[in-house]
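*Asks:* Quick one, query-v4.csv (CSV, C-alpha atoms and all ligand atoms):
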```
chain,number,residue,atom,x,y,z
A,1,MET,CA,-22.6,-40.4,-66.3
A,2,ASP,CA,-20.2,-38.3,-68.4
A,3,ASP,CA,-23.0,-35.8,-69.1
A,4,LEU,CA,-23.8,-35.6,-65.4
A,5,ARG,CA,-20.1,-35.0,-64.6
A,6,ASP,CA,-19.7,-32.3,-67.3
A,7,LYS,CA,-22.9,-30.5,-66.3
A,8,TYR,CA,-21.9,-30.2,-62.6
A,9,ILE,CA,-18.3,-29.4,-63.2
A,10,LYS,CA,-19.3,-26.6,-65.5
A,11,LEU,CA,-21.9,-25.2,-63.0
A,12,ILE,CA,-19.4,-25.4,-60.1
A,13,THR,CA,-16.8,-23.5,-62.2
A,14,GLU,CA,-19.3,-20.8,-63.0
A,15,ALA,CA,-20.7,-20.4,-59.5
A,16,ASP,CA,-19.7,-17.1,-58.0
A,17,ASP,CA,-20.9,-17.2,-54.5
A,18,GLU,CA,-21.2,-19.5,-51.5
A,19,SER,CA,-25.0,-20.0,-51.7
A,20,THR,CA,-25.0,-21.0,-55.4
A,21,LEU,CA,-22.4,-23.6,-54.5
A,22,GLU,CA,-24.5,-24.9,-51.7
A,23,ASP,CA,-27.5,-25.3,-54.0
A,24,LEU,CA,-25.4,-27.2,-56.4
A,25,ARG,CA,-24.2,-29.5,-53.7
A,26,VAL,CA,-27.8,-30.3,-52.7
A,27,GLN,CA,-28.8,-30.8,-56.4
A,28,ALA,CA,-25.9,-33.2,-57.1
A,29,VAL,CA,-24.9,-35.1,-53.9
A,30,GLY,CA,-27.5,-34.0,-51.4
A,31,LYS,CA,-29.9,-36.8,-50.0
A,32,LYS,CA,-32.1,-36.5,-53.0
A,33,GLY,CA,-29.5,-35.2,-55.4
A,34,GLU,CA,-29.1,-36.5,-58.9
A,35,ILE,CA,-26.0,-38.6,-58.1
A,36,SER,CA,-27.4,-39.9,-54.8
A,37,LEU,CA,-30.5,-41.1,-56.6
A,38,LYS,CA,-28.4,-42.9,-59.2
A,39,MET,CA,-26.5,-44.6,-56.4
A,40,ARG,CA,-29.8,-45.9,-55.0
A,41,GLU,CA,-30.5,-47.6,-58.3
A,42,LEU,CA,-27.4,-49.8,-57.7
A,43,GLY,CA,-29.7,-52.0,-55.6
A,44,LYS,CA,-31.8,-52.9,-58.6
A,45,MET,CA,-28.8,-53.9,-60.7
A,46,THR,CA,-27.3,-57.3,-61.3
A,47,PRO,CA,-24.1,-58.0,-59.4
A,48,ASP,CA,-22.1,-57.6,-62.6
A,49,GLU,CA,-23.5,-54.3,-63.4
A,50,ARG,CA,-23.1,-53.1,-59.8
A,51,GLN,CA,-19.5,-54.1,-59.9
A,52,VAL,CA,-18.9,-51.7,-62.8
A,53,MET,CA,-21.3,-48.9,-61.8
A,54,GLY,CA,-20.6,-48.8,-58.1
A,55,PRO,CA,-17.0,-47.6,-58.3
A,56,LYS,CA,-17.8,-45.2,-61.1
A,57,LEU,CA,-20.6,-43.6,-59.2
A,58,ASN,CA,-18.4,-43.3,-56.1
A,59,ALA,CA,-15.6,-41.8,-58.1
A,60,LEU,CA,-18.1,-39.3,-59.6
A,61,LYS,CA,-19.4,-38.4,-56.2
A,62,ASP,CA,-15.8,-37.8,-54.9
A,63,GLU,CA,-14.9,-35.7,-57.9
A,64,ILE,CA,-18.0,-33.5,-57.4
A,65,ASN,CA,-17.3,-33.1,-53.7
A,66,SER,CA,-13.7,-32.1,-54.3
A,67,ALA,CA,-14.7,-29.7,-57.0
A,68,LEU,CA,-17.1,-28.1,-54.6
A,69,SER,CA,-14.6,-27.7,-51.8
A,70,ALA,CA,-11.9,-26.4,-54.2
A,71,LYS,CA,-14.3,-23.8,-55.5
A,72,ARG,CA,-15.4,-22.9,-51.9
A,73,GLU,CA,-11.8,-22.3,-51.0
A,74,ALA,CA,-11.2,-20.2,-54.1
A,75,LEU,CA,-14.2,-18.1,-53.3
A,76,ALA,CA,-13.1,-17.5,-49.7
A,77,ASP,CA,-9.6,-16.5,-50.9
A,78,ALA,CA,-11.1,-14.1,-53.3
A,79,ALA,CA,-13.3,-12.6,-50.6
A,80,LEU,CA,-10.3,-12.2,-48.3
A,81,ASP,CA,-8.2,-10.5,-51.1
A,82,GLU,CA,-11.1,-8.2,-51.7
A,83,ARG,CA,-11.4,-7.3,-48.1
A,84,LEU,CA,-7.6,-6.8,-47.7
A,85,ARG,CA,-7.7,-4.4,-50.7
A,86,GLY,CA,-10.5,-2.5,-49.1
A,87,GLU,CA,-8.9,-2.2,-45.7
A,88,TRP,CA,-5.5,-1.3,-47.0
A,89,LEU,CA,-3.6,1.1,-44.7
A,90,ASP,CA,-0.3,2.8,-45.3
A,91,VAL,CA,1.5,2.2,-42.0
A,92,THR,CA,4.5,4.2,-43.2
A,93,LEU,CA,2.5,7.5,-43.2
A,94,PRO,CA,3.9,9.9,-40.7
A,95,GLY,CA,1.9,10.5,-37.5
A,96,ARG,CA,-0.3,13.6,-37.1
A,97,THR,CA,1.9,15.7,-34.9
A,98,ARG,CA,-0.8,18.3,-34.4
A,99,ARG,CA,-2.8,15.8,-32.4
A,100,ALA,CA,0.1,14.7,-30.2
A,101,GLY,CA,-0.2,15.6,-26.5
A,102,THR,CA,2.5,17.5,-24.6
A,103,ILE,CA,4.2,17.1,-21.2
A,104,HIS,CA,3.0,19.6,-18.7
A,105,PRO,CA,5.7,22.0,-17.5
A,106,ILE,CA,5.3,20.8,-13.9
A,107,SER,CA,5.9,17.2,-15.0
A,108,GLN,CA,8.8,18.3,-17.2
A,109,VAL,CA,10.4,20.3,-14.3
A,110,THR,CA,9.9,17.4,-11.9
A,111,GLU,CA,11.7,15.1,-14.4
A,112,GLU,CA,14.5,17.7,-14.7
A,113,VAL,CA,14.9,18.0,-11.0
A,114,THR,CA,14.9,14.3,-10.5
A,115,ALA,CA,17.5,13.8,-13.3
A,116,ILE,CA,19.8,16.3,-11.6
A,117,PHE,CA,19.5,14.9,-8.1
A,118,ALA,CA,19.7,11.3,-9.4
A,119,ASP,CA,23.1,12.2,-10.8
A,120,MET,CA,24.2,13.3,-7.3
A,121,GLY,CA,23.0,10.0,-5.8
A,122,PHE,CA,19.6,10.9,-4.5
A,123,ALA,CA,16.7,8.4,-4.9
A,124,VAL,CA,13.1,9.4,-5.2
A,125,ALA,CA,10.8,8.8,-2.2
A,126,GLU,CA,7.1,9.3,-2.0
A,127,GLY,CA,4.5,9.8,0.8
A,128,PRO,CA,0.7,10.1,1.0
A,129,GLN,CA,-1.1,13.4,0.2
A,130,VAL,CA,-3.6,12.7,2.9
A,131,GLU,CA,-1.2,12.7,5.8
A,132,SER,CA,-1.4,12.1,9.5
A,133,ASP,CA,-1.3,15.2,11.7
A,134,TRP,CA,1.7,13.7,13.4
A,135,HIS,CA,3.8,13.3,10.2
A,136,ASN,CA,2.9,16.7,8.9
A,137,PHE,CA,3.4,18.6,12.2
A,138,ASP,CA,4.5,16.9,15.4
A,139,ALA,CA,7.2,14.7,14.0
A,140,LEU,CA,8.6,17.9,12.3
A,141,ASN,CA,9.0,19.6,15.7
A,142,ILE,CA,5.7,21.6,15.3
A,143,PRO,CA,3.8,20.8,18.5
A,144,GLY,CA,0.0,21.2,19.0
A,145,HIS,CA,-0.2,25.0,19.5
A,146,HIS,CA,2.7,26.1,17.4
A,147,PRO,CA,1.8,29.2,15.3
A,148,ALA,CA,3.3,27.5,12.2
A,149,ARG,CA,0.1,25.3,12.1
A,150,ALA,CA,-2.1,28.4,11.7
A,151,GLU,CA,0.2,30.0,9.2
A,152,MET,CA,0.0,27.0,6.9
A,153,ASP,CA,-3.8,27.4,6.2
A,154,THR,CA,-4.2,23.6,6.6
A,155,PHE,CA,-7.1,21.6,5.0
A,156,TYR,CA,-8.4,19.2,7.7
A,157,MET,CA,-10.1,15.9,6.8
A,158,HIS,CA,-13.4,15.1,8.4
A,159,ARG,CA,-13.6,12.8,11.5
A,160,ALA,CA,-16.7,11.0,12.5
A,161,GLU,CA,-18.6,12.6,15.4
A,162,GLY,CA,-17.2,11.4,18.7
A,163,ASP,CA,-13.8,10.3,17.2
A,164,GLU,CA,-11.3,12.2,19.4
A,165,ARG,CA,-8.2,11.4,17.3
A,166,PRO,CA,-6.6,14.4,15.6
A,167,PRO,CA,-7.9,14.7,12.0
A,168,HIS,CA,-5.7,13.8,9.0
A,169,VAL,CA,-4.7,16.7,6.9
A,170,LEU,CA,-3.9,17.3,3.2
A,171,ARG,CA,-0.1,17.6,3.6
A,172,THR,CA,0.9,21.3,3.7
A,173,HIS,CA,4.5,20.5,2.5
A,174,THR,CA,6.6,17.6,1.4
A,175,SER,CA,8.6,17.6,4.7
A,176,PRO,CA,6.5,14.7,6.2
A,177,VAL,CA,8.1,12.5,3.5
A,178,GLN,CA,11.4,13.1,5.4
A,179,ILE,CA,9.9,11.3,8.4
A,180,ARG,CA,8.4,8.5,6.3
A,181,SER,CA,11.7,8.0,4.5
A,182,MET,CA,13.7,7.8,7.8
A,183,GLU,CA,11.1,5.3,9.2
A,184,LEU,CA,11.4,3.2,6.1
A,185,GLN,CA,15.2,3.4,5.4
A,186,GLY,CA,16.9,4.7,8.4
A,187,ALA,CA,20.3,6.4,7.9
A,188,PRO,CA,22.5,7.0,5.9
A,189,ILE,CA,20.0,8.3,3.4
A,190,ARG,CA,19.8,10.5,0.4
A,191,VAL,CA,16.3,11.2,-1.1
A,192,ILE,CA,14.3,13.8,-2.9
A,193,CYS,CA,10.5,13.8,-2.5
A,194,PRO,CA,8.6,15.6,-5.3
A,195,GLY,CA,4.8,15.8,-5.0
A,196,ARG,CA,1.6,17.7,-4.4
A,197,VAL,CA,1.0,19.9,-1.4
A,198,TYR,CA,-2.1,21.8,-0.2
A,199,ARG,CA,-2.8,25.1,1.5
A,200,ALA,CA,-6.1,27.1,1.6
A,201,ASP,CA,-4.8,30.1,-0.4
A,202,TYR,CA,-5.7,31.5,-3.8
A,203,ASP,CA,-4.3,34.5,-5.8
A,204,GLN,CA,-1.9,35.2,-8.6
A,205,THR,CA,1.0,33.5,-6.8
A,206,HIS,CA,-0.9,30.9,-4.7
A,207,THR,CA,-3.1,28.0,-5.6
A,208,PRO,CA,-4.7,25.6,-3.1
A,209,MET,CA,-2.7,22.7,-4.6
A,210,PHE,CA,0.9,23.2,-5.7
A,211,HIS,CA,4.1,21.2,-5.9
A,212,GLN,CA,7.2,20.9,-3.8
A,213,VAL,CA,10.4,18.8,-3.9
A,214,GLU,CA,11.9,17.9,-0.6
A,215,GLY,CA,15.6,16.9,-0.2
A,216,LEU,CA,17.1,15.0,2.7
A,217,ALA,CA,20.7,13.8,3.1
A,218,LEU,CA,21.8,12.2,6.4
A,219,ASP,CA,25.1,10.6,7.2
A,220,THR,CA,27.8,10.8,9.9
A,221,ASP,CA,29.7,13.8,8.5
A,222,ILE,CA,27.3,16.1,6.7
A,223,SER,CA,27.6,19.9,7.1
A,224,MET,CA,26.1,23.1,5.8
A,225,ALA,CA,29.0,23.1,3.3
A,226,ASN,CA,27.5,20.0,1.7
A,227,LEU,CA,24.1,21.6,1.5
A,228,LYS,CA,25.6,24.7,-0.2
A,229,TRP,CA,27.5,22.7,-2.7
A,230,THR,CA,24.6,20.5,-3.5
A,231,LEU,CA,22.2,23.4,-4.1
A,232,GLU,CA,24.8,25.3,-6.2
A,233,GLU,CA,25.3,22.3,-8.4
A,234,PHE,CA,21.5,21.9,-8.7
A,235,VAL,CA,20.8,25.5,-9.6
A,236,LYS,CA,23.6,25.6,-12.3
A,237,ALA,CA,22.3,22.4,-13.9
A,238,PHE,CA,18.7,23.4,-13.6
A,239,PHE,CA,19.0,26.9,-15.1
A,240,GLU,CA,21.6,25.6,-17.5
A,241,VAL,CA,24.2,28.3,-16.6
A,242,ASP,CA,27.9,27.9,-15.7
A,243,ASP,CA,28.0,30.3,-12.8
A,244,VAL,CA,25.5,31.2,-10.2
A,245,GLU,CA,25.7,33.0,-6.9
A,246,LEU,CA,23.6,31.8,-4.0
A,247,ARG,CA,22.8,33.8,-0.9
A,248,PHE,CA,22.0,32.0,2.4
A,249,ARG,CA,19.8,34.1,4.6
A,250,ALA,CA,19.3,33.1,8.2
A,251,SER,CA,15.8,32.1,8.7
A,252,HIS,CA,13.6,29.9,10.9
A,253,PHE,CA,11.9,26.6,10.4
A,254,PRO,CA,10.9,24.4,13.4
A,255,PHE,CA,12.4,21.3,11.7
A,256,THR,CA,15.8,22.7,10.9
A,257,GLU,CA,18.5,24.3,13.0
A,258,PRO,CA,20.2,26.3,11.8
A,259,SER,CA,17.8,27.3,9.0
A,260,ALA,CA,18.5,29.3,5.9
A,261,GLU,CA,16.4,30.6,3.0
A,262,VAL,CA,18.3,30.5,-0.3
A,263,ASP,CA,18.2,33.2,-2.9
A,264,ILE,CA,19.8,33.2,-6.3
A,265,ARG,CA,21.4,36.3,-8.0
A,266,CYS,CA,19.4,37.3,-11.0
A,267,SER,CA,18.5,40.3,-13.2
A,268,TRP,CA,15.1,41.2,-14.5
A,269,GLU,CA,16.4,43.5,-17.3
A,270,GLY,CA,13.7,44.2,-19.9
A,271,GLY,CA,11.3,42.0,-18.0
A,272,GLN,CA,13.4,39.0,-18.9
A,273,LEU,CA,14.8,36.9,-16.0
A,274,LYS,CA,18.5,36.1,-16.2
A,275,VAL,CA,20.0,33.8,-13.6
A,276,GLY,CA,23.6,34.3,-12.4
A,277,GLU,CA,23.9,38.1,-13.2
A,278,GLY,CA,22.4,41.4,-12.1
A,279,ASP,CA,21.5,43.0,-8.8
A,280,ASP,CA,18.3,41.2,-7.8
A,281,TRP,CA,17.9,38.2,-5.5
A,282,LEU,CA,15.2,35.6,-6.0
A,283,GLU,CA,14.1,33.3,-3.1
A,284,ILE,CA,13.9,29.7,-4.3
A,285,LEU,CA,13.8,27.5,-1.3
A,286,GLY,CA,14.0,26.9,2.5
A,287,SER,CA,16.7,24.7,4.0
A,288,GLY,CA,18.8,23.8,7.0
A,289,MET,CA,20.4,21.2,9.2
A,290,VAL,CA,17.8,18.6,10.3
A,291,HIS,CA,16.7,19.3,13.9
A,292,PRO,CA,17.6,16.6,16.4
A,293,ASN,CA,14.0,16.2,17.4
A,294,VAL,CA,13.1,15.4,13.8
A,295,LEU,CA,15.8,12.8,13.6
A,296,ARG,CA,14.5,11.2,16.9
A,297,ALA,CA,10.9,11.3,15.5
A,298,GLY,CA,12.2,9.4,12.5
A,299,GLY,CA,13.9,6.8,14.7
A,300,ILE,CA,17.4,8.0,14.1
A,301,ASN,CA,20.1,8.7,16.7
A,302,PRO,CA,21.1,12.4,16.5
A,303,GLU,CA,24.4,11.6,18.4
A,304,VAL,CA,25.5,9.6,15.3
A,305,TYR,CA,23.8,11.1,12.3
A,306,GLN,CA,23.1,14.5,11.1
A,307,GLY,CA,22.3,16.1,7.7
A,308,PHE,CA,20.5,18.7,5.7
A,309,ALA,CA,17.1,19.1,4.3
A,310,PHE,CA,15.5,21.6,1.9
A,311,GLY,CA,12.1,22.3,0.3
A,312,MET,CA,11.6,24.0,-3.0
A,313,GLY,CA,8.5,25.1,-4.9
A,314,ILE,CA,8.4,23.2,-8.2
A,315,ASP,CA,5.8,25.5,-9.7
A,316,ARG,CA,7.9,28.5,-8.8
A,317,ILE,CA,11.1,27.3,-10.4
A,318,ALA,CA,9.1,26.2,-13.5
A,319,MET,CA,7.7,29.7,-13.9
A,320,LEU,CA,11.1,31.2,-13.6
A,321,LYS,CA,12.9,28.8,-16.0
A,322,TYR,CA,10.2,28.9,-18.7
A,323,GLY,CA,8.9,32.5,-18.3
A,324,ILE,CA,5.4,31.5,-17.2
A,325,PRO,CA,3.8,34.6,-15.7
A,326,ASP,CA,0.7,33.3,-13.9
A,327,LEU,CA,0.7,30.3,-11.6
A,328,ARG,CA,-3.0,29.7,-11.9
A,329,ALA,CA,-2.6,28.9,-15.6
A,330,PHE,CA,-0.8,25.7,-14.6
A,331,PHE,CA,-4.1,24.2,-13.4
A,332,ASP,CA,-6.6,25.7,-15.9
A,333,SER,CA,-6.3,22.8,-18.5
A,334,ASP,CA,-6.4,25.3,-21.3
A,335,LEU,CA,-5.4,23.4,-24.4
A,336,ARG,CA,-3.9,26.4,-26.1
A,337,TRP,CA,-1.7,27.1,-23.0
A,338,LEU,CA,-0.7,23.5,-22.8
A,339,ARG,CA,0.3,23.4,-26.5
A,340,HIS,CA,2.4,26.6,-26.0
A,341,TYR,CA,4.1,25.7,-22.8
A,342,GLY,CA,4.1,21.9,-23.1
A,343,PHE,CA,7.1,19.7,-23.9
A,344,ALA,CA,7.5,17.0,-26.6
A,345,SER,CA,6.6,13.7,-25.0
A,346,LEU,CA,9.6,11.7,-26.1
A,347,ASP,CA,12.3,14.2,-25.0
A,348,VAL,CA,13.0,12.8,-21.6
A,349,PRO,CA,15.2,15.1,-19.6
A,350,THR,CA,18.7,13.7,-18.9
A,351,LEU,CA,21.9,15.5,-18.0
A,352,HIS,CA,23.8,14.0,-20.9
A,353,GLY,CA,21.1,14.5,-23.5
A,354,GLY,CA,20.1,18.0,-22.3
A,355,LEU,CA,17.5,18.9,-19.7
A,356,SER,CA,15.2,21.0,-21.9
A,357,ARG,CA,15.5,20.9,-25.6
B,401,LIG,N1,8.7,22.7,4.4
B,401,LIG,C1,9.2,24.1,4.2
B,401,LIG,C2,8.1,24.8,3.5
B,401,LIG,O1,7.1,24.3,3.1
B,401,LIG,C3,10.4,24.1,3.4
B,401,LIG,C4,11.6,23.5,4.1
B,401,LIG,C5,11.9,22.1,3.9
B,401,LIG,C6,12.5,24.2,4.9
B,401,LIG,C7,13.0,21.5,4.5
B,401,LIG,C8,13.6,23.6,5.5
B,401,LIG,C9,13.8,22.3,5.3
B,401,LIG,O2,8.1,26.1,3.4
```
Please re-express this file's structure in structure tokens.
Ligand code: PHE

*Replies:*
Amino acid sequence: MDDLRDKYIKLITEADDESTLEDLRVQAVGKKGEISLKMRELGKMTPDERQVMGPKLNALKDEINSALSAKREALADAALDERLRGEWLDVTLPGRTRRAGTIHPISQVTEEVTAIFADMGFAVAEGPQVESDWHNFDALNIPGHHPARAEMDTFYMHRAEGDERPPHVLRTHTSPVQIRSMELQGAPIRVICPGRVYRADYDQTHTPMFHQVEGLALDTDISMANLKWTLEEFVKAFFEVDDVELRFRASHFPFTEPSAEVDIRCSWEGGQLKVGEGDDWLEILGSGMVHPNVLRAGGINPEVYQGFAFGMGIDRIAMLKYGIPDLRAFFDSDLRWLRHYGFASLDVPTLHGGLSR
């Protein structure tokens, strides 16, 4: 029995893989294994012999079994160690910055505008890009045959044959979000509404999809003076200059009365735009006091509330701030352009941390 023990312990110690171990198990303690056969012989022994041999054989069988499982575990540990060594990875290596994506200038500028207006107490509101004809036009005091509808080069959605309802449109401006915000929140209200707008137009300064941000402030005591201050604060913060001069030019929009287009003083010396100095004026937005008909359409009593609204082209102010010459490049998805004009993804614009670093 000692020979048997020494033989198997040695073989188990020397085994270097799982299947050799399994063969050894079958040979020793399997159904027809050497030790199992010996145990069968117990039946032919005298009770005295059996009393001695039984426990010995059982002990041997236990010893072989635990040697087998200890070895099996050791082999598994070694295999795991081996695999871990092979799959070693230095997680402290720096990232590959060349592969990092960038934030598109439109997204960046939208974030900048949002940060500035958030600081003045404006929340962000949104509306659908496929808009009802009523929200995009009628509710904004642009009735059925108003020339403004034709001027806007509207994209109309398809209606099933025989469906007499006016077709939905791709919103031509963010102004319908004024109506939706009034419907949703009532007054007083202070929101900006950035988003995509659509007009059938395409050349160096027009793309069929572009971006606007709408502003709306309603309360019981809001005047043009509040509009002027708000826009001045915005322009100073956005262009990161201490002084700007704004010019309010009388204009006309169906949804505001009075209406004003706003220009900022700038110079183009040496082809380089400087805001706040020089003899040129640059138009950046349309604005005015919200027309009573628009307030009524939004469910607000114009005898109690009034306020201002403005609409600004995001693409346009992005081009001005970051010296981007061609509007169409915004939407070409040219990787070289995106890498050049894009912004680091973790530099979120804030007023305290800096808008554009
Ligand atoms: N919706 C106008 C446009 O797209 C801009 C505007 C908005 C003007 C709000 C006045 C008030 O040109």

*Asks:* What do you get as a list of chain:residue names if you pick all residues at most 7 Å from ligand LIG 401 (chain B), counting all atoms listed in the file?

*Replies:*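 For ligand LIG 401 (chain B), the residues inside 7 Å are A:Thr172, A:His173, A:Thr174, A:Ser175, A:Glu214, A:Phe253, A:Phe255, A:Thr256, A:Ser259, A:Leu285, A:Gly286, A:Ser287, A:Gly288, A:Ala309, A:Phe310, A:Gly311, A:Met312.
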
*Asks:* So, counting only C-alpha atoms, which residue among A:Met157, A:Ala15, A:Val130, A:Ala217 is closest to A:Pro188?

*Replies:*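 The shortest atom-to-atom distance to A:Pro188 comes from A:Ala217.
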
*Asks:* Which residues are near A:Pro128? Cut-off 12 Å, all atoms listed in the file, ignore same chain within fewer than 3 positions. Put them as a tab-separated table (two decimals) with C-alpha atoms, keeping the file's coordinate frame.

*Replies:*
```tsv
chain	number	residue	atom	x	y	z
A	125	ALA	CA	10.80	8.80	-2.20
A	131	GLU	CA	-1.20	12.70	5.80
A	132	SER	CA	-1.40	12.10	9.50
A	135	HIS	CA	3.80	13.30	10.20
A	136	ASN	CA	2.90	16.70	8.90
A	168	HIS	CA	-5.70	13.80	9.00
A	169	VAL	CA	-4.70	16.70	6.90
A	170	LEU	CA	-3.90	17.30	3.20
A	171	ARG	CA	-0.10	17.60	3.60
A	172	THR	CA	0.90	21.30	3.70
A	173	HIS	CA	4.50	20.50	2.50
A	174	THR	CA	6.60	17.60	1.40
A	175	SER	CA	8.60	17.60	4.70
A	176	PRO	CA	6.50	14.70	6.20
A	177	VAL	CA	8.10	12.50	3.50
A	178	GLN	CA	11.40	13.10	5.40
A	179	ILE	CA	9.90	11.30	8.40
A	180	ARG	CA	8.40	8.50	6.30
A	181	SER	CA	11.70	8.00	4.50
A	193	CYS	CA	10.50	13.80	-2.50
A	194	PRO	CA	8.60	15.60	-5.30
A	195	GLY	CA	4.80	15.80	-5.00
A	196	ARG	CA	1.60	17.70	-4.40
A	197	VAL	CA	1.00	19.90	-1.40
```

*Asks:* Kindly assemble as a Markdown table a list of the stretch 168-240 of chain A residues that lie within 10 Å of stretch 273-276 of chain A, each paired with its nearest atom pair and their distance in Å to one decimal, using all atoms listed in the file, sorted first by chain and then by ascending residue number.

*Replies:*
```
| residue | atom | partner | partner_atom | distance |
| --- | --- | --- | --- | --- |
| A:Val235 | CA | A:Val275 | CA | 9.2 |
| A:Lys236 | CA | A:Gly276 | CA | 8.7 |
| A:Phe239 | CA | A:Val275 | CA | 7.1 |
| A:Glu240 | CA | A:Val275 | CA | 9.2 |
```

*Asks:* Write a file of the selected residues as a PDB file, in the frame of the given file, keeping C-alpha atoms.

*Replies:*
```
ATOM      1  CA  VAL A 235      20.800  25.500  -9.600  1.00  0.00           C
ATOM      2  CA  LYS A 236      23.600  25.600 -12.300  1.00  0.00           C
ATOM      3  CA  PHE A 239      19.000  26.900 -15.100  1.00  0.00           C
ATOM      4  CA  GLU A 240      21.600  25.600 -17.500  1.00  0.00           C
TER       5      GLU A 240
END
```

*Asks:* Could you state the separation of atom CA of A:Leu355 and atom CA of A:Ser267 in Å, given to one decimal place?

*Replies:* 22.4 Å
